[in-house]
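What follows is a set of notes on a single structure, which appears directly below.
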Amino acid sequence: MTSGNEAALTRPAGSAGDHPQGERLIAGVERAVSVLMALADGPGPLGTNELARRTGINASTVSRLLATLARDELVQRVPATGRYRLGLRLIRLGNAALAGVEMREIARPHLLALMETTGETATLSVPTGGTAVTVDFVQSPSTVRSVAEIGRPSVPHATATGKVYLAWTDVPTSGAALPALTPHTITDPERLAEEVARVREQGWAQARSEREVELHAVAVPVVDGRGRLAAILAVQGPAGRFGEQAMAAAVARLRDRAAALSASLMWS
């Protein structure tokens with residue numbers, strides 16, 4: 001037996017949402033989930049009676065569930081109609097779930113494909129701490145190749161990845177002169193702001209010998225379902241081999257992979 005506060009049930013084997021036989025499930029939680037899923041699947045806000053019909057739960061129980069969920073902002077009552085819709089707090093839960101997805105595992109096949117189609121080193125970076133940091137890469141098989149390093153932060157004003165980071169975040173580009181890492185590094189804040197605006201407009205960035213002499217790179221953003229920067233895909237290689245034509249070809253492949261990765265994140 002169970003107390004009224006800890007009501008539990010055991011699903012018959014083979015029922016919908018089947019669990020291992022004998023596993024005890026909390027009935028109240030299951031009913032609350034049923035209400036949330038009915039609201040998610042509905043054409044718009046739903047009333048108590050409609051939710052009772054859709055879930056098979058009696059109306060008085062649905063009413064109590066809605067009051068509890070509304071208190072915790074998981075559902076929201078529409079004052080004009082008295083009906084209910086999903087609450088804004090679910091966005092926070094969804095974002096937390098998305099953040100828990102192992103980005104490296106999802107992105108790994110895309111990095112491998114980029115390396116195979118371009119012959120150059122493919123990298124994955126994520127925004128953190130005012131910059132973007134490399135979290136995974138697939139090295140070029142060529143004898144002469146660029147070297148990537150996990151945990152290495154981008155230089156926002158001197159790398160393709162860094163420029164994408166600036167273009168898709170609110171980090172300001174104005175201020176003091178920027179350090180020159182090579183003769184090609186952008187050091188003027190106004191010129192950097194123009195470059196970042198161009199990156200945002202065209203949807204990709206490049207760096208030509210700006211962080212390291214003879215190192216070229218191109219990068220594109222990976223955005224989540226709300227259009228926010230979730231990661232950055234890039235391809236980098238020696239300038240003598242990874243020139244303008246090769247970089248242009250890599251951009252097209254990067255965009256395809258970024259779109260596929262974004263879709264994976266939305267449904268993870």
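Naming scheme: A, B, ... for chains in displayed order of the structure tokens; residues 1 onward per chain; ligands 1 onward as shown.
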Leaving out Ala122 in chain A and any residue of its chain fewer than 5 positions from it, which residues lie within 8 Å of it when counting only C-alpha atoms, given as a count of residues only?
-> 12
Write out as a ChimeraX atom specification which residues come within 12 Å of Ser264 in chain A when counting only C-alpha atoms, dropping same-chain ones fewer than 4 positions away.
-> /A:98,101-103,105-107,109-110,222-225,230,257-260,268
Please identify all polymer residues within 12 Å of Pro156 in chain A, counting only C-alpha atoms, omitting same-chain residues fewer than 4 positions from it, and present them as a PyMOL selection string.
-> chain A and resi 127+129-133+160-169+171-173+178-179+181+185-187+189+192-193+195-196+205-207+210-211
Quick one: residues within 12 Å of Glu50 in chain A, only C-alpha atoms, excluding same-chain residues fewer than 4 positions away - as an mmCIF file with all heavy atoms, in the first residue's frame?
data_model
loop_
_atom_site.group_PDB
_atom_site.id
_atom_site.type_symbol
_atom_site.label_atom_id
_atom_site.label_comp_id
_atom_site.auth_asym_id
_atom_site.auth_seq_id
_atom_site.Cartn_x
_atom_site.Cartn_y
_atom_site.Cartn_z
ATOM 1 N N VAL A 35 -0.664 16.008 -18.629
ATOM 2 C CA VAL A 35 -1.246 17.334 -18.833
ATOM 3 C C VAL A 35 -0.292 18.217 -19.628
ATOM 4 O O VAL A 35 -0.697 18.916 -20.568
ATOM 5 C CB VAL A 35 -1.589 17.980 -17.475
ATOM 6 C CG1 VAL A 35 -1.944 19.456 -17.658
ATOM 7 C CG2 VAL A 35 -2.755 17.243 -16.826
ATOM 8 N N ALA A 38 -0.245 17.138 -23.212
ATOM 9 C CA ALA A 38 -1.478 17.523 -23.900
ATOM 10 C C ALA A 38 -1.437 18.999 -24.283
ATOM 11 O O ALA A 38 -1.871 19.382 -25.377
ATOM 12 C CB ALA A 38 -2.683 17.232 -23.013
ATOM 13 N N LEU A 39 -0.907 19.829 -23.402
ATOM 14 C CA LEU A 39 -0.770 21.251 -23.725
ATOM 15 C C LEU A 39 0.230 21.452 -24.872
ATOM 16 O O LEU A 39 0.030 22.304 -25.733
ATOM 17 C CB LEU A 39 -0.315 22.030 -22.494
ATOM 18 C CG LEU A 39 -1.377 22.249 -21.404
ATOM 19 C CD1 LEU A 39 -0.742 22.832 -20.150
ATOM 20 C CD2 LEU A 39 -2.481 23.166 -21.912
ATOM 21 N N GLY A 42 -1.475 20.417 -28.109
ATOM 22 C CA GLY A 42 -2.724 21.097 -28.429
ATOM 23 C C GLY A 42 -2.560 22.212 -29.451
ATOM 24 O O GLY A 42 -1.450 22.697 -29.691
ATOM 25 N N PRO A 43 -3.668 22.657 -30.021
ATOM 26 C CA PRO A 43 -3.626 23.728 -31.034
ATOM 27 C C PRO A 43 -3.424 25.106 -30.425
ATOM 28 O O PRO A 43 -3.210 26.085 -31.141
ATOM 29 C CB PRO A 43 -4.996 23.612 -31.698
ATOM 30 C CG PRO A 43 -5.889 23.084 -30.608
ATOM 31 C CD PRO A 43 -5.033 22.153 -29.808
ATOM 32 N N GLY A 44 -3.510 25.206 -29.120
ATOM 33 C CA GLY A 44 -3.390 26.480 -28.412
ATOM 34 C C GLY A 44 -3.739 26.251 -26.958
ATOM 35 O O GLY A 44 -3.767 25.107 -26.486
ATOM 36 N N PRO A 45 -4.008 27.321 -26.200
ATOM 37 C CA PRO A 45 -4.401 27.150 -24.803
ATOM 38 C C PRO A 45 -5.626 26.237 -24.678
ATOM 39 O O PRO A 45 -6.535 26.282 -25.519
ATOM 40 C CB PRO A 45 -4.718 28.577 -24.352
ATOM 41 C CG PRO A 45 -3.891 29.438 -25.252
ATOM 42 C CD PRO A 45 -3.901 28.744 -26.578
ATOM 43 N N LEU A 46 -5.660 25.417 -23.630
ATOM 44 C CA LEU A 46 -6.744 24.460 -23.428
ATOM 45 C C LEU A 46 -7.370 24.656 -22.058
ATOM 46 O O LEU A 46 -6.693 25.006 -21.088
ATOM 47 C CB LEU A 46 -6.234 23.025 -23.550
ATOM 48 C CG LEU A 46 -5.607 22.615 -24.886
ATOM 49 C CD1 LEU A 46 -5.010 21.221 -24.792
ATOM 50 C CD2 LEU A 46 -6.638 22.683 -26.003
ATOM 51 N N ARG A 54 -8.683 14.946 -23.188
ATOM 52 C CA ARG A 54 -7.491 14.503 -23.921
ATOM 53 C C ARG A 54 -6.628 13.538 -23.119
ATOM 54 O O ARG A 54 -5.937 12.695 -23.694
ATOM 55 C CB ARG A 54 -6.652 15.717 -24.337
ATOM 56 C CG ARG A 54 -7.254 16.542 -25.462
ATOM 57 C CD ARG A 54 -6.500 17.845 -25.682
ATOM 58 N NE ARG A 54 -7.034 18.593 -26.809
ATOM 59 C CZ ARG A 54 -6.472 18.675 -28.010
ATOM 60 N NH1 ARG A 54 -5.332 18.048 -28.244
ATOM 61 N NH2 ARG A 54 -7.023 19.376 -28.974
ATOM 62 N N THR A 55 -6.622 13.676 -21.800
ATOM 63 C CA THR A 55 -5.737 12.849 -20.960
ATOM 64 C C THR A 55 -6.439 11.667 -20.313
ATOM 65 O O THR A 55 -5.774 10.739 -19.840
ATOM 66 C CB THR A 55 -5.109 13.704 -19.849
ATOM 67 O OG1 THR A 55 -6.157 14.229 -19.006
ATOM 68 C CG2 THR A 55 -4.286 14.838 -20.427
ATOM 69 N N GLY A 56 -7.770 11.713 -20.253
ATOM 70 C CA GLY A 56 -8.488 10.650 -19.567
ATOM 71 C C GLY A 56 -8.457 10.795 -18.056
ATOM 72 O O GLY A 56 -8.809 9.861 -17.336
ATOM 73 N N ILE A 57 -8.047 11.939 -17.573
ATOM 74 C CA ILE A 57 -8.003 12.227 -16.143
ATOM 75 C C ILE A 57 -9.244 13.041 -15.796
ATOM 76 O O ILE A 57 -9.644 13.926 -16.562
ATOM 77 C CB ILE A 57 -6.733 13.017 -15.773
ATOM 78 C CG1 ILE A 57 -5.483 12.262 -16.259
ATOM 79 C CG2 ILE A 57 -6.655 13.276 -14.284
ATOM 80 C CD1 ILE A 57 -4.209 13.087 -16.162
ATOM 81 N N ASN A 58 -9.857 12.780 -14.620
ATOM 82 C CA ASN A 58 -11.077 13.510 -14.300
ATOM 83 C C ASN A 58 -10.792 14.993 -14.103
ATOM 84 O O ASN A 58 -9.682 15.387 -13.739
ATOM 85 C CB ASN A 58 -11.798 12.906 -13.082
ATOM 86 C CG ASN A 58 -11.018 13.106 -11.794
ATOM 87 O OD1 ASN A 58 -10.865 14.220 -11.311
ATOM 88 N ND2 ASN A 58 -10.539 12.005 -11.222
ATOM 89 N N ALA A 59 -11.789 15.799 -14.360
ATOM 90 C CA ALA A 59 -11.611 17.247 -14.425
ATOM 91 C C ALA A 59 -11.139 17.843 -13.111
ATOM 92 O O ALA A 59 -10.342 18.788 -13.096
ATOM 93 C CB ALA A 59 -12.915 17.915 -14.860
ATOM 94 N N VAL A 62 -7.450 17.253 -12.875
ATOM 95 C CA VAL A 62 -6.759 18.137 -13.818
ATOM 96 C C VAL A 62 -6.677 19.551 -13.253
ATOM 97 O O VAL A 62 -5.642 20.211 -13.344
ATOM 98 C CB VAL A 62 -7.480 18.143 -15.181
ATOM 99 C CG1 VAL A 62 -6.928 19.255 -16.072
ATOM 100 C CG2 VAL A 62 -7.308 16.802 -15.876
ATOM 101 N N SER A 63 -7.763 20.008 -12.636
ATOM 102 C CA SER A 63 -7.776 21.348 -12.065
ATOM 103 C C SER A 63 -6.717 21.503 -10.979
ATOM 104 O O SER A 63 -6.005 22.514 -10.924
ATOM 105 C CB SER A 63 -9.162 21.652 -11.489
ATOM 106 O OG SER A 63 -9.196 22.948 -10.921
ATOM 107 N N ARG A 83 -8.165 29.570 -19.867
ATOM 108 C CA ARG A 83 -7.488 28.371 -20.353
ATOM 109 C C ARG A 83 -6.005 28.400 -19.969
ATOM 110 O O ARG A 83 -5.506 29.405 -19.460
ATOM 111 C CB ARG A 83 -7.647 28.249 -21.864
ATOM 112 C CG ARG A 83 -9.097 28.066 -22.292
ATOM 113 C CD ARG A 83 -9.231 27.947 -23.795
ATOM 114 N NE ARG A 83 -10.613 27.745 -24.198
ATOM 115 C CZ ARG A 83 -11.002 27.590 -25.450
ATOM 116 N NH1 ARG A 83 -10.107 27.627 -26.437
ATOM 117 N NH2 ARG A 83 -12.277 27.397 -25.728
ATOM 118 N N TYR A 84 -5.321 27.307 -20.263
ATOM 119 C CA TYR A 84 -3.924 27.178 -19.847
ATOM 120 C C TYR A 84 -3.021 26.906 -21.045
ATOM 121 O O TYR A 84 -3.425 26.271 -22.019
ATOM 122 C CB TYR A 84 -3.761 26.046 -18.825
ATOM 123 C CG TYR A 84 -4.328 26.382 -17.471
ATOM 124 C CD1 TYR A 84 -5.687 26.221 -17.211
ATOM 125 C CD2 TYR A 84 -3.516 26.874 -16.450
ATOM 126 C CE1 TYR A 84 -6.228 26.529 -15.963
ATOM 127 C CE2 TYR A 84 -4.038 27.188 -15.201
ATOM 128 C CZ TYR A 84 -5.383 27.013 -14.970
ATOM 129 O OH TYR A 84 -5.896 27.332 -13.733
#
Expected answer as a ChimeraX atom specification: helix (DSSP H, G or I) residues in range 6-196 of chain A = /A:6,27-41,48-55,59-71,89-99,103-118,160-167,189-196
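Using only C-alpha atoms, the shortest contact distance between Ala113 in chain A and any of A:Ala180, A:Ala263, A:Leu254, A:Leu51 is found at A:Leu254.
When CA of Thr182 in chain A is paired with CA of Ala158 in chain A, their separation reads 9.1 Å.
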Per DSSP on the backbone, filter range 15-201 of chain A down to the residues in strand (DSSP E) and report them as a list in words.
->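 For range 15-201 of chain A, the strand (DSSP E) set is Arg24, Leu25, Ile26, Val75, Gln76, Arg77, Tyr84, Arg85, Leu86, Thr121, Ala122, Thr123, Leu124, Ser125, Val126, Pro127, Thr128, Thr131, Ala132, Val133, Thr134, Val135, Asp136, Phe137 and Val138 of chain A.
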